[in-house]
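Text of query32.txt, listed as compact mmCIF, C-alpha atoms:
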```
# COMPACT_ATOMS: atom_id res chain seq x y z
CA MET D 1 0.47 -7.92 -2.91
CA PHE D 2 -0.49 -4.78 -1.02
CA THR D 3 1.88 -1.87 -1.46
CA ALA D 4 1.84 1.35 0.54
CA VAL D 5 3.33 4.34 -1.28
CA SER D 6 2.92 7.86 0.06
CA ARG D 7 2.68 9.92 -3.14
CA PRO D 8 -0.26 8.13 -4.86
CA ARG D 9 -2.27 8.41 -1.64
CA ALA D 10 -2.00 12.19 -1.90
CA PHE D 11 -3.20 12.05 -5.50
CA ALA D 12 -6.14 9.91 -4.51
CA ARG D 13 -7.20 12.53 -1.98
CA ALA D 14 -6.98 15.27 -4.60
CA SER D 15 -8.83 13.29 -7.26
CA ARG D 16 -12.07 12.99 -5.23
CA LEU D 17 -12.67 9.58 -6.78
CA ALA D 18 -11.77 6.17 -5.42
CA HIS D 19 -11.88 3.06 -7.53
CA PRO D 20 -11.80 -0.46 -6.00
CA SER D 21 -9.05 -1.53 -8.36
CA GLY D 22 -6.94 1.56 -7.59
CA ALA D 23 -6.29 4.60 -9.73
CA ARG D 24 -3.81 3.98 -12.55
CA PHE D 25 -1.26 6.69 -13.10
CA GLU D 26 0.25 5.14 -16.21
CA SER D 27 1.90 8.39 -17.24
CA ASN D 28 3.82 8.65 -13.99
CA VAL D 29 6.76 6.41 -14.77
CA LEU D 30 8.82 7.58 -11.80
CA LEU D 31 6.22 6.54 -9.24
CA ARG D 32 5.80 3.14 -10.77
CA LYS D 33 9.55 2.67 -10.93
CA GLY D 34 9.89 3.72 -7.29
CA ALA D 35 7.23 1.23 -6.18
CA GLU D 36 8.92 -1.55 -8.10
CA GLU D 37 12.28 -0.71 -6.55
CA GLU D 38 10.77 -0.81 -3.06
CA THR D 39 9.19 -4.19 -3.77
CA ARG D 40 12.49 -5.62 -4.97
CA SER D 41 14.22 -4.08 -1.94
CA GLY D 42 11.78 -5.76 0.45
CA LEU D 43 12.20 -9.17 -1.18
CA ALA D 44 15.98 -8.79 -1.10
CA ILE D 45 15.91 -7.93 2.62
CA ASN D 46 13.73 -10.99 3.21
CA LYS D 47 16.41 -13.27 1.79
CA LEU D 48 19.29 -11.55 3.54
CA SER D 49 17.57 -11.52 6.94
CA GLU D 50 17.80 -15.30 7.18
CA ALA D 51 21.57 -14.93 7.62
CA ILE D 52 20.94 -12.50 10.50
CA ARG D 53 18.64 -15.00 12.19
CA ASN D 54 21.23 -17.75 11.87
CA ALA D 55 23.88 -15.50 13.44
CA SER D 56 21.69 -14.52 16.40
CA ASN D 57 21.74 -16.15 19.81
CA PRO D 58 18.81 -18.64 20.01
CA GLU D 59 18.58 -18.18 23.79
CA SER D 60 17.91 -14.44 23.54
CA ARG D 61 15.64 -14.34 20.47
CA SER D 62 12.45 -14.27 22.51
CA LEU D 63 13.56 -11.57 25.00
CA MET D 64 11.23 -8.59 24.75
CA PRO D 65 10.60 -5.43 26.82
CA ILE D 66 7.88 -5.71 29.44
CA ARG D 67 5.79 -3.03 31.05
CA SER D 68 6.64 -2.12 34.61
CA LYS D 69 4.59 -4.00 37.19
CA GLY D 70 4.06 -0.86 39.28
CA LEU D 71 0.78 1.02 39.46
CA TRP D 72 0.17 3.51 36.69
CA ARG D 73 -0.32 6.47 39.07
CA ASP D 74 2.90 5.69 40.92
CA LEU D 75 4.82 5.48 37.64
CA GLN D 76 3.45 8.84 36.53
CA ASN D 77 4.72 10.45 39.72
CA LYS D 78 8.12 8.82 39.31
CA PHE D 79 8.46 9.98 35.71
CA ALA D 80 7.55 13.52 36.79
CA ASP D 81 10.23 13.47 39.51
CA GLU D 82 12.83 12.23 37.03
CA ALA D 83 11.91 14.96 34.54
CA SER D 84 12.66 17.62 37.16
CA SER D 85 16.22 16.32 37.54
CA SER D 86 17.02 16.42 33.83
CA ALA D 87 19.39 19.38 34.05
CA SER D 88 21.69 17.78 36.58
CA ASP D 89 21.90 14.54 34.60
CA GLN D 90 22.59 16.12 31.21
CA SER D 91 26.38 16.00 31.54
CA LEU D 92 26.26 12.36 32.62
CA ARG D 93 24.14 11.36 29.63
CA SER D 94 26.47 13.20 27.27
CA ALA D 95 29.41 11.25 28.66
CA GLN D 96 27.53 7.99 28.32
CA SER D 97 26.61 8.67 24.69
CA SER D 98 30.30 8.98 23.81
CA LYS D 99 30.87 5.43 25.07
CA LEU D 100 28.17 3.69 23.05
CA LYS D 101 29.41 0.33 21.85
CA PRO D 102 28.71 -0.78 18.28
CA ARG D 103 26.12 -3.55 17.85
CA ARG D 104 25.69 -6.26 15.26
CA MET D 105 22.39 -6.73 13.43
CA ALA D 106 22.12 -10.18 14.99
CA ASP D 107 22.30 -8.64 18.48
CA SER D 108 18.89 -7.05 17.96
CA PHE D 109 17.15 -10.07 16.42
CA VAL D 110 13.82 -10.88 18.08
CA GLU D 111 11.22 -13.49 17.21
CA LEU D 112 7.84 -14.41 18.61
CA GLU D 113 5.83 -17.52 17.81
CA LEU D 114 2.04 -17.45 17.86
CA PRO D 115 0.80 -21.08 17.86
CA PHE D 116 -2.75 -20.40 16.67
CA GLU D 117 -3.26 -23.94 15.39
CA SER D 118 -2.03 -25.72 18.51
CA ASP D 119 -3.25 -23.26 21.19
CA PRO D 120 -7.04 -22.68 21.10
CA HIS D 121 -6.87 -20.23 24.00
CA LEU D 122 -4.45 -17.99 22.08
CA LEU D 123 -6.58 -18.29 18.96
CA GLU D 124 -9.61 -17.12 20.94
CA ARG D 125 -7.85 -13.77 21.60
CA TYR D 126 -7.10 -13.18 17.91
CA VAL D 127 -10.04 -14.68 16.04
CA ASN D 128 -12.47 -12.40 14.18
CA ARG D 129 -16.13 -12.89 13.38
CA THR D 130 -15.32 -14.96 10.28
CA GLY D 131 -13.21 -17.41 12.26
CA LEU D 132 -9.89 -16.14 10.87
CA ILE D 133 -7.08 -14.08 12.44
CA GLN D 134 -7.55 -10.35 13.02
CA THR D 135 -5.02 -8.55 10.85
CA GLY D 136 -5.18 -5.53 13.16
CA ARG D 137 -3.99 -7.65 16.08
CA LEU D 138 -1.04 -8.86 14.02
CA LEU D 139 -0.14 -5.27 13.08
CA GLU D 140 -0.21 -4.42 16.79
CA ASP D 141 2.16 -7.30 17.50
CA LEU D 142 4.48 -6.25 14.65
CA ASP D 143 4.72 -2.73 16.07
CA ALA D 144 5.49 -4.15 19.52
CA LEU D 145 8.10 -6.41 17.93
CA ALA D 146 9.74 -3.46 16.15
CA GLY D 147 9.94 -1.65 19.49
CA SER D 148 11.49 -4.72 21.09
CA VAL D 149 14.13 -4.84 18.36
CA ALA D 150 14.96 -1.17 18.93
CA TYR D 151 15.28 -1.59 22.72
CA LYS D 152 17.39 -4.69 22.29
CA HIS D 153 19.75 -2.76 20.03
CA LEU D 154 20.50 -0.33 22.86
CA LEU D 155 20.40 -2.66 25.85
CA PRO D 156 23.05 -5.28 26.64
CA ASN D 157 22.47 -8.71 25.16
CA SER D 158 22.46 -10.24 28.64
CA TYR D 159 19.42 -8.37 29.91
CA ALA D 160 16.64 -10.60 31.23
CA SER D 161 13.87 -8.07 30.63
CA ALA D 162 13.72 -4.49 29.49
CA ASP D 163 11.67 -3.25 32.39
CA ALA D 164 10.79 0.43 32.38
CA ASP D 165 13.04 0.97 35.40
CA ARG D 166 16.06 -0.01 33.29
CA THR D 167 15.13 2.11 30.26
CA ARG D 168 13.78 5.22 31.95
CA ASP D 169 16.41 7.55 30.51
CA PHE D 170 15.24 6.93 26.92
CA TYR D 171 12.31 5.64 24.93
CA PHE D 172 11.50 4.75 21.32
CA VAL D 173 8.64 5.99 19.21
CA THR D 174 7.42 4.60 15.90
CA ALA D 175 8.10 7.46 13.50
CA SER D 176 6.46 5.72 10.56
CA VAL D 177 5.54 2.40 9.02
CA ASP D 178 7.40 2.86 5.77
CA ARG D 179 6.30 -0.29 4.05
CA LEU D 180 3.99 -3.29 4.51
CA ASP D 181 3.83 -6.00 1.86
CA MET D 182 1.21 -8.71 2.20
CA ILE D 183 2.90 -11.51 0.28
CA LYS D 184 0.19 -14.06 0.99
CA PRO D 185 -3.02 -13.63 2.99
CA LEU D 186 -3.54 -15.60 6.18
CA THR D 187 -6.66 -17.43 5.04
CA THR D 188 -6.26 -20.51 7.24
CA ILE D 189 -5.55 -21.06 10.91
CA ARG D 190 -1.88 -21.91 11.25
CA ASP D 191 1.04 -21.26 13.58
CA VAL D 192 2.78 -17.95 12.85
CA ARG D 193 6.22 -16.59 13.63
CA LEU D 194 6.99 -12.87 13.84
CA SER D 195 10.62 -11.78 13.65
CA GLY D 196 12.66 -8.64 13.14
CA HIS D 197 16.04 -6.98 13.45
CA VAL D 198 17.75 -3.63 12.86
CA SER D 199 18.61 -3.18 9.19
CA PHE D 200 19.92 0.39 9.23
CA CYS D 201 21.07 2.76 11.96
CA GLY D 202 21.48 6.53 12.00
CA LYS D 203 22.52 8.82 14.84
CA SER D 204 19.23 8.74 16.75
CA SER D 205 16.96 6.68 14.48
CA LEU D 206 16.97 3.21 13.04
CA GLU D 207 15.10 1.08 10.55
CA VAL D 208 13.63 -2.23 11.69
CA PHE D 209 12.80 -4.98 9.25
CA VAL D 210 9.93 -7.24 10.38
CA LYS D 211 8.57 -10.43 8.90
CA MET D 212 5.57 -12.67 9.47
CA GLU D 213 5.93 -16.32 8.50
CA GLY D 214 3.50 -19.22 8.37
CA LEU D 215 5.05 -22.23 10.08
CA PRO D 216 4.62 -25.74 8.67
CA PRO D 217 2.72 -28.38 10.65
CA LYS D 218 4.75 -29.87 13.47
CA GLY D 219 6.66 -32.99 12.50
CA THR D 220 7.09 -31.99 8.86
CA GLU D 221 10.23 -30.84 7.08
CA LYS D 222 8.54 -28.14 5.01
CA PRO D 223 10.12 -24.66 5.20
CA SER D 224 8.28 -21.68 6.64
CA GLU D 225 6.32 -19.46 4.27
CA THR D 226 6.70 -15.66 4.20
CA LEU D 227 3.31 -13.99 4.63
CA MET D 228 4.12 -10.32 5.30
CA LEU D 229 7.15 -8.02 5.17
CA GLY D 230 7.45 -4.60 6.75
CA ARG D 231 9.83 -1.77 7.60
CA PHE D 232 9.41 0.46 10.65
CA SER D 233 11.28 3.69 11.34
CA MET D 234 12.00 4.08 15.05
CA VAL D 235 13.31 7.24 16.75
CA CYS D 236 15.03 7.31 20.12
CA ARG D 237 14.11 10.13 22.51
CA ASP D 238 15.51 11.30 25.81
CA SER D 239 12.76 10.61 28.34
CA ARG D 240 13.64 13.72 30.38
CA THR D 241 14.10 16.33 27.64
CA GLY D 242 12.08 14.84 24.78
CA GLY D 243 14.95 15.57 22.39
CA PRO D 244 16.83 13.06 20.22
CA ARG D 245 19.01 10.56 22.02
CA GLU D 246 22.10 9.09 20.40
CA ILE D 247 22.02 5.32 19.86
CA ASN D 248 24.59 2.60 19.37
CA PRO D 249 26.11 2.47 15.87
CA LEU D 250 26.02 -0.65 13.75
CA VAL D 251 29.12 -2.70 13.01
CA LEU D 252 29.04 -4.46 9.64
CA GLU D 253 30.96 -7.72 9.50
CA THR D 254 29.43 -9.92 6.79
CA PRO D 255 28.41 -9.37 3.14
CA GLU D 256 24.77 -9.86 4.15
CA GLU D 257 24.99 -7.11 6.77
CA MET D 258 26.65 -4.75 4.30
CA ALA D 259 23.95 -5.46 1.71
CA LEU D 260 21.17 -4.90 4.26
CA HIS D 261 22.75 -1.64 5.42
CA ARG D 262 23.08 -0.46 1.82
CA LEU D 263 19.39 -1.19 1.20
CA GLY D 264 18.54 0.65 4.41
CA GLN D 265 20.53 3.67 3.26
CA GLU D 266 18.65 3.63 -0.04
CA ASN D 267 15.35 3.47 1.82
CA LYS D 268 16.39 6.45 3.94
CA GLU D 269 17.29 8.47 0.86
CA ARG D 270 13.99 7.48 -0.77
CA ARG D 271 12.06 8.67 2.30
CA SER D 272 13.93 11.96 2.18
CA LEU D 273 12.99 12.44 -1.47
CA ASP D 274 9.36 11.56 -0.70
CA ARG D 275 9.27 14.21 2.02
CA LYS D 276 10.73 16.82 -0.31
CA ALA D 277 8.18 15.90 -3.01
CA SER D 278 5.21 15.89 -0.62
CA LEU D 279 2.13 17.83 -1.69
CA ASP D 280 2.47 19.69 1.60
CA ARG D 281 5.65 21.28 0.23
CA VAL D 282 5.52 21.37 -3.58
CA PRO D 283 2.70 21.43 -6.16
CA PRO D 284 2.08 18.44 -8.44
CA SER D 285 4.52 17.99 -11.31
CA LYS D 286 3.41 18.24 -14.94
CA GLU D 287 3.10 14.48 -15.22
CA GLU D 288 1.09 14.28 -12.00
CA ALA D 289 -1.21 17.16 -13.01
CA ARG D 290 -1.79 15.50 -16.38
CA ALA D 291 -2.70 12.22 -14.68
CA LEU D 292 -5.14 14.01 -12.35
CA HIS D 293 -6.70 15.87 -15.26
CA GLN D 294 -7.15 12.65 -17.22
CA LEU D 295 -8.76 11.03 -14.19
CA TYR D 296 -11.09 14.02 -13.93
CA LEU D 297 -12.06 13.69 -17.59
CA ASP D 298 -12.64 9.96 -17.30
CA LYS D 299 -14.92 10.38 -14.26
CA HIS D 300 -16.42 13.86 -14.60
CA PRO D 301 -18.65 14.99 -11.71
CA ASN D 302 -21.48 15.65 -14.19
CA ASP D 303 -21.19 12.15 -15.60
CA THR D 304 -24.02 10.08 -14.13
CA LEU D 305 -22.59 6.85 -15.51
CA LEU D 306 -19.92 6.33 -12.86
CA GLY D 307 -20.36 2.59 -12.97
CA ASP D 308 -21.14 0.07 -10.29
CA ARG D 309 -17.48 -0.22 -9.22
CA SER D 310 -16.82 3.50 -8.61
CA VAL D 311 -17.66 5.55 -5.53
CA TRP D 312 -16.99 9.12 -4.46
CA MET D 313 -14.04 9.28 -2.11
CA SER D 314 -15.98 11.60 0.20
CA ASP D 315 -18.51 8.78 0.71
CA THR D 316 -15.82 6.53 2.15
CA LYS D 317 -14.83 8.87 4.98
CA THR D 318 -15.46 7.64 8.52
CA SER D 319 -14.43 8.92 11.93
CA SER D 320 -14.41 7.48 15.43
CA LEU D 321 -13.43 8.64 18.89
CA TYR D 322 -11.47 6.34 21.20
CA LEU D 323 -10.29 6.97 24.73
CA ILE D 324 -6.84 5.58 25.50
CA HIS D 325 -6.69 4.02 28.96
CA PRO D 326 -3.69 3.06 31.14
CA GLN D 327 -4.11 -0.56 29.99
CA ASP D 328 -3.13 0.58 26.48
CA ARG D 329 0.20 2.11 27.53
CA ASN D 330 3.68 1.00 26.51
CA VAL D 331 6.69 0.38 28.74
CA HIS D 332 7.00 4.09 29.46
CA GLY D 333 3.36 4.79 30.28
CA LYS D 334 2.65 6.42 26.91
CA ALA D 335 -0.05 5.54 24.37
CA PHE D 336 0.98 2.37 22.54
CA GLY D 337 1.23 3.07 18.80
CA GLY D 338 0.50 -0.55 17.92
CA HIS D 339 -2.86 -0.29 19.67
CA LEU D 340 -3.68 2.74 17.53
CA MET D 341 -2.72 0.79 14.39
CA ARG D 342 -5.02 -2.01 15.44
CA ILE D 343 -7.93 0.40 15.95
CA ALA D 344 -7.28 2.17 12.65
CA TYR D 345 -7.13 -1.06 10.67
CA GLY D 346 -10.18 -2.55 12.36
```

Mind turning this structure into structure tokens?
Amino acid sequence: MFTAVSRPRAFARASRLAHPSGARFESNVLLRKGAEEETRSGLAINKLSEAIRNASNPESRSLMPIRSKGLWRDLQNKFADEASSSASDQSLRSAQSSKLKPRRMADSFVELELPFESDPHLLERYVNRTGLIQTGRLLEDLDALAGSVAYKHLLPNSYASADADRTRDFYFVTASVDRLDMIKPLTTIRDVRLSGHVSFCGKSSLEVFVKMEGLPPKGTEKPSETLMLGRFSMVCRDSRTGGPREINPLVLETPEEMALHRLGQENKERRSLDRKASLDRVPPSKEEARALHQLYLDKHPNDTLLGDRSVWMSDTKTSSLYLIHPQDRNVHGKAFGGHLMRIAYG
């Protein structure tokens, strides 16, 4: 299982050494405990989310935002004209925000099936040089799915498509990918289902839980198999002012929804603690400094016997320059974050 935790990454940068098996900070009990709690939280959300799927409307599960069909240059001019009228519309938006209707978690549920095994043309767009599926492409789809969940939370359930013309007064940005757990690698070509829903909602931000499942062969009664779990933090912005935009609150009706919301609240508090403990704000604690010192002693720069499985972290650094083109834009004509994730992973 792959686990992404912010604090150890900072230590790895400071240590100057990278080990293929990962640096072990055995003395840092709090970090290890925090990682274990996040893993248990993700697995618990995975079980609870099945109840959200069952409560969702099957006819609207596949509805996702689409990019406007207009020309990019025309859209840029229209967005500029709308930005100039922001002052006159401020009072109207304030009145609208006070009338936001609560949403259920099931209202935002979205799923997308990728039939790699049964559709060779689709497989051709995702296959890598080894003949397997590009993980970067799947991360791009998961980010797009998280955005779809966020838009669906704000828009009425009856919308046919979330065209940019209908969402021009607000937009969502991916604030962070808080967690990605690879439960089982996708080592064979099989049909895959991506799904997600809102699991926690603040005033202008929300947490989206996403899941990737391997579907059983058609005609069999086998259950789907969870391959990856993730949590995305999405922030809603006013498209005219760039400031935060209030979103619909969540209404909690079932024990599963209350449990999911409680886990989301815990995740939010954990992120807040991580930000406060960031190396950008505070120095390493005694336990962390001791772990770094021990790592330094174990792999001293003057020690020529680093071993075949150890490399200097500075030797792993790479950099690339990519130009983002209009084809890579999202529904609001901005750079699509999922595309950047795909490039970074690849």

All residues 10 Å or closer to Ala344 in chain D, all atoms listed in the file, same chain fewer than 4 positions away omitted, as number ranges by chain: D: 136, 319-320, 338-340

What are the centre and edge lengths in Å, to one decimal, of the axis-aligned box around all listed atoms of range 41-49 of chain D with 4 Å added on each side, as AutoDock Vina command-line options?
```
--center_x 15.5 --center_y -8.7 --center_z 2.5 --size_x 15.5 --size_y 17.2 --size_z 16.9
```

Pairwise distance for CA of Tyr151 in chain D and CA of Thr241 in chain D, rounded to one decimal in Å: 18.6 Å

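Relative to CA of Asp178 in chain D, CA of Ser314 in chain D is found at 25.6 Å.
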
Which residues, written as an mmCIF file with C-alpha atoms, keeping the file's coordinate frame, have at least one atom at most 8 Å from Ser56 in chain D, with all atoms listed in the file counted and residues fewer than 4 positions away on the same chain left out?
```
data_model
loop_
_atom_site.group_PDB
_atom_site.id
_atom_site.type_symbol
_atom_site.label_atom_id
_atom_site.label_comp_id
_atom_site.auth_asym_id
_atom_site.auth_seq_id
_atom_site.Cartn_x
_atom_site.Cartn_y
_atom_site.Cartn_z
ATOM 1 C CA ILE D 52 20.940 -12.500 10.500
ATOM 2 C CA ARG D 61 15.640 -14.340 20.470
ATOM 3 C CA ALA D 106 22.120 -10.180 14.990
ATOM 4 C CA ASP D 107 22.300 -8.640 18.480
ATOM 5 C CA PHE D 109 17.150 -10.070 16.420
#
```

Point-to-point distance from CA of Thr130 in chain D to CA of Met182 in chain D, Å rounded to tenths: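 Computing the Euclidean distance for CA of Thr130 in chain D and CA of Met182 in chain D yields 19.4 Å.
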
Would you please work out which residue, of D:Leu43, D:Ile189, D:Val127, D:Val282, is nearest to Lys211 in chain D when using only C-alpha atoms?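 Closest residue, counting only C-alpha atoms: D:Leu43.
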
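Take the candidates D:Arg129, D:Leu297, D:Lys222, D:Phe200 and check each one against Ala259 in chain D using all atoms listed in the file; the shortest distance goes to D:Phe200.
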
D:Leu295, D:Val173, D:Met64, D:Leu155 ranked by distance to Gly242 in chain D, top pick (using all atoms listed in the file): D:Val173

Please determine, counting only C-alpha atoms, which residue among D:Glu207, D:Glu256, D:Glu140, D:Glu213 has the shortest atom-to-atom distance to Arg190 in chain D.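 Closest candidate: D:Glu213.
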
Considering only C-alpha atoms, state which residue in the set D:Ser148, D:Thr220, D:Ser176, D:Thr254 is at the smallest distance from Ser195 in chain D. D:Ser148

For Lys47 in chain D, which of D:Leu112, D:Ser272, D:Leu260, D:Val177 is the closest residue, counting only C-alpha atoms? D:Leu260

Which residues come within 9 Å of range 244-249 of chain D, counting all atoms listed in the file, excluding same-chain residues fewer than 4 positions away, as a ChimeraX atom specification? /D:97-104,153-154,170-171,201-206,235-239

Next, write the just-selected residues to a file, as an mmCIF file, in the coordinates of the input, keeping C-alpha atoms as the atom set.
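See part_31.cif below for the written result:
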```
data_model
loop_
_atom_site.group_PDB
_atom_site.id
_atom_site.type_symbol
_atom_site.label_atom_id
_atom_site.label_comp_id
_atom_site.auth_asym_id
_atom_site.auth_seq_id
_atom_site.Cartn_x
_atom_site.Cartn_y
_atom_site.Cartn_z
ATOM 1 C CA SER D 97 26.610 8.670 24.690
ATOM 2 C CA SER D 98 30.300 8.980 23.810
ATOM 3 C CA LYS D 99 30.870 5.430 25.070
ATOM 4 C CA LEU D 100 28.170 3.690 23.050
ATOM 5 C CA LYS D 101 29.410 0.330 21.850
ATOM 6 C CA PRO D 102 28.710 -0.780 18.280
ATOM 7 C CA ARG D 103 26.120 -3.550 17.850
ATOM 8 C CA ARG D 104 25.690 -6.260 15.260
ATOM 9 C CA HIS D 153 19.750 -2.760 20.030
ATOM 10 C CA LEU D 154 20.500 -0.330 22.860
ATOM 11 C CA PHE D 170 15.240 6.930 26.920
ATOM 12 C CA TYR D 171 12.310 5.640 24.930
ATOM 13 C CA CYS D 201 21.070 2.760 11.960
ATOM 14 C CA GLY D 202 21.480 6.530 12.000
ATOM 15 C CA LYS D 203 22.520 8.820 14.840
ATOM 16 C CA SER D 204 19.230 8.740 16.750
ATOM 17 C CA SER D 205 16.960 6.680 14.480
ATOM 18 C CA LEU D 206 16.970 3.210 13.040
ATOM 19 C CA VAL D 235 13.310 7.240 16.750
ATOM 20 C CA CYS D 236 15.030 7.310 20.120
ATOM 21 C CA ARG D 237 14.110 10.130 22.510
ATOM 22 C CA ASP D 238 15.510 11.300 25.810
ATOM 23 C CA SER D 239 12.760 10.610 28.340
#
```

Within 9 Å of Ser49 in chain D using all atoms listed in the file, minus same-chain residues under 3 positions, as a PyMOL selection string: chain D and resi 44-46+52-54+196-197+199+209+256-257+260

Could you name the residues that touch Met228 in chain D at 12 Å or less, counting all atoms listed in the file, but leaving out those on the same chain fewer than 4 positions away, as a PDB file with C-alpha atoms, keeping the file's coordinate frame?
```pdb
ATOM      1  CA  MET D   1       0.470  -7.920  -2.910  1.00  0.00           C
ATOM      2  CA  PHE D   2      -0.490  -4.780  -1.020  1.00  0.00           C
ATOM      3  CA  THR D   3       1.880  -1.870  -1.460  1.00  0.00           C
ATOM      4  CA  GLY D  42      11.780  -5.760   0.450  1.00  0.00           C
ATOM      5  CA  LEU D  43      12.200  -9.170  -1.180  1.00  0.00           C
ATOM      6  CA  ASN D  46      13.730 -10.990   3.210  1.00  0.00           C
ATOM      7  CA  THR D 135      -5.020  -8.550  10.850  1.00  0.00           C
ATOM      8  CA  LEU D 138      -1.040  -8.860  14.020  1.00  0.00           C
ATOM      9  CA  LEU D 139      -0.140  -5.270  13.080  1.00  0.00           C
ATOM     10  CA  LEU D 142       4.480  -6.250  14.650  1.00  0.00           C
ATOM     11  CA  ARG D 179       6.300  -0.290   4.050  1.00  0.00           C
ATOM     12  CA  LEU D 180       3.990  -3.290   4.510  1.00  0.00           C
ATOM     13  CA  ASP D 181       3.830  -6.000   1.860  1.00  0.00           C
ATOM     14  CA  MET D 182       1.210  -8.710   2.200  1.00  0.00           C
ATOM     15  CA  ILE D 183       2.900 -11.510   0.280  1.00  0.00           C
ATOM     16  CA  LYS D 184       0.190 -14.060   0.990  1.00  0.00           C
ATOM     17  CA  PRO D 185      -3.020 -13.630   2.990  1.00  0.00           C
ATOM     18  CA  LEU D 186      -3.540 -15.600   6.180  1.00  0.00           C
ATOM     19  CA  VAL D 192       2.780 -17.950  12.850  1.00  0.00           C
ATOM     20  CA  ARG D 193       6.220 -16.590  13.630  1.00  0.00           C
ATOM     21  CA  LEU D 194       6.990 -12.870  13.840  1.00  0.00           C
ATOM     22  CA  SER D 195      10.620 -11.780  13.650  1.00  0.00           C
ATOM     23  CA  GLY D 196      12.660  -8.640  13.140  1.00  0.00           C
ATOM     24  CA  PHE D 209      12.800  -4.980   9.250  1.00  0.00           C
ATOM     25  CA  VAL D 210       9.930  -7.240  10.380  1.00  0.00           C
ATOM     26  CA  LYS D 211       8.570 -10.430   8.900  1.00  0.00           C
ATOM     27  CA  MET D 212       5.570 -12.670   9.470  1.00  0.00           C
ATOM     28  CA  GLU D 213       5.930 -16.320   8.500  1.00  0.00           C
ATOM     29  CA  GLY D 214       3.500 -19.220   8.370  1.00  0.00           C
TER      30      GLY D 214
END
```

Mind rebuilding range 106-118 of chain D with N, CA and C atoms and writing that out as a PDB file, in the frame of the given file?
```
ATOM      1  N   ALA D 106      22.604  -8.979  14.314  1.00  0.00           N
ATOM      2  CA  ALA D 106      22.120 -10.180  14.990  1.00  0.00           C
ATOM      3  C   ALA D 106      21.857  -9.939  16.467  1.00  0.00           C
ATOM      4  N   ASP D 107      22.516  -8.938  17.066  1.00  0.00           N
ATOM      5  CA  ASP D 107      22.300  -8.640  18.480  1.00  0.00           C
ATOM      6  C   ASP D 107      20.875  -8.174  18.758  1.00  0.00           C
ATOM      7  N   SER D 108      20.235  -7.587  17.760  1.00  0.00           N
ATOM      8  CA  SER D 108      18.890  -7.050  17.960  1.00  0.00           C
ATOM      9  C   SER D 108      17.793  -7.990  17.469  1.00  0.00           C
ATOM     10  N   PHE D 109      18.152  -9.163  16.992  1.00  0.00           N
ATOM     11  CA  PHE D 109      17.150 -10.070  16.420  1.00  0.00           C
ATOM     12  C   PHE D 109      16.173 -10.542  17.498  1.00  0.00           C
ATOM     13  N   VAL D 110      14.889 -10.456  17.180  1.00  0.00           N
ATOM     14  CA  VAL D 110      13.820 -10.880  18.080  1.00  0.00           C
ATOM     15  C   VAL D 110      12.814 -11.681  17.278  1.00  0.00           C
ATOM     16  N   GLU D 111      12.290 -12.739  17.859  1.00  0.00           N
ATOM     17  CA  GLU D 111      11.220 -13.490  17.210  1.00  0.00           C
ATOM     18  C   GLU D 111      10.179 -13.917  18.233  1.00  0.00           C
ATOM     19  N   LEU D 112       8.963 -14.045  17.763  1.00  0.00           N
ATOM     20  CA  LEU D 112       7.840 -14.410  18.610  1.00  0.00           C
ATOM     21  C   LEU D 112       6.962 -15.380  17.845  1.00  0.00           C
ATOM     22  N   GLU D 113       6.696 -16.534  18.442  1.00  0.00           N
ATOM     23  CA  GLU D 113       5.830 -17.520  17.810  1.00  0.00           C
ATOM     24  C   GLU D 113       4.422 -17.426  18.378  1.00  0.00           C
ATOM     25  N   LEU D 114       3.449 -17.474  17.490  1.00  0.00           N
ATOM     26  CA  LEU D 114       2.040 -17.450  17.860  1.00  0.00           C
ATOM     27  C   LEU D 114       1.405 -18.749  17.381  1.00  0.00           C
ATOM     28  N   PRO D 115       1.301 -19.751  18.260  1.00  0.00           N
ATOM     29  CA  PRO D 115       0.800 -21.080  17.860  1.00  0.00           C
ATOM     30  C   PRO D 115      -0.726 -21.122  17.790  1.00  0.00           C
ATOM     31  N   PHE D 116      -1.294 -20.467  16.794  1.00  0.00           N
ATOM     32  CA  PHE D 116      -2.750 -20.400  16.670  1.00  0.00           C
ATOM     33  C   PHE D 116      -3.369 -21.787  16.477  1.00  0.00           C
ATOM     34  N   GLU D 117      -2.695 -22.624  15.699  1.00  0.00           N
ATOM     35  CA  GLU D 117      -3.260 -23.940  15.390  1.00  0.00           C
ATOM     36  C   GLU D 117      -3.224 -24.876  16.587  1.00  0.00           C
ATOM     37  N   SER D 118      -2.191 -24.771  17.402  1.00  0.00           N
ATOM     38  CA  SER D 118      -2.030 -25.720  18.510  1.00  0.00           C
ATOM     39  C   SER D 118      -2.477 -25.154  19.858  1.00  0.00           C
TER      40      SER D 118
END
```
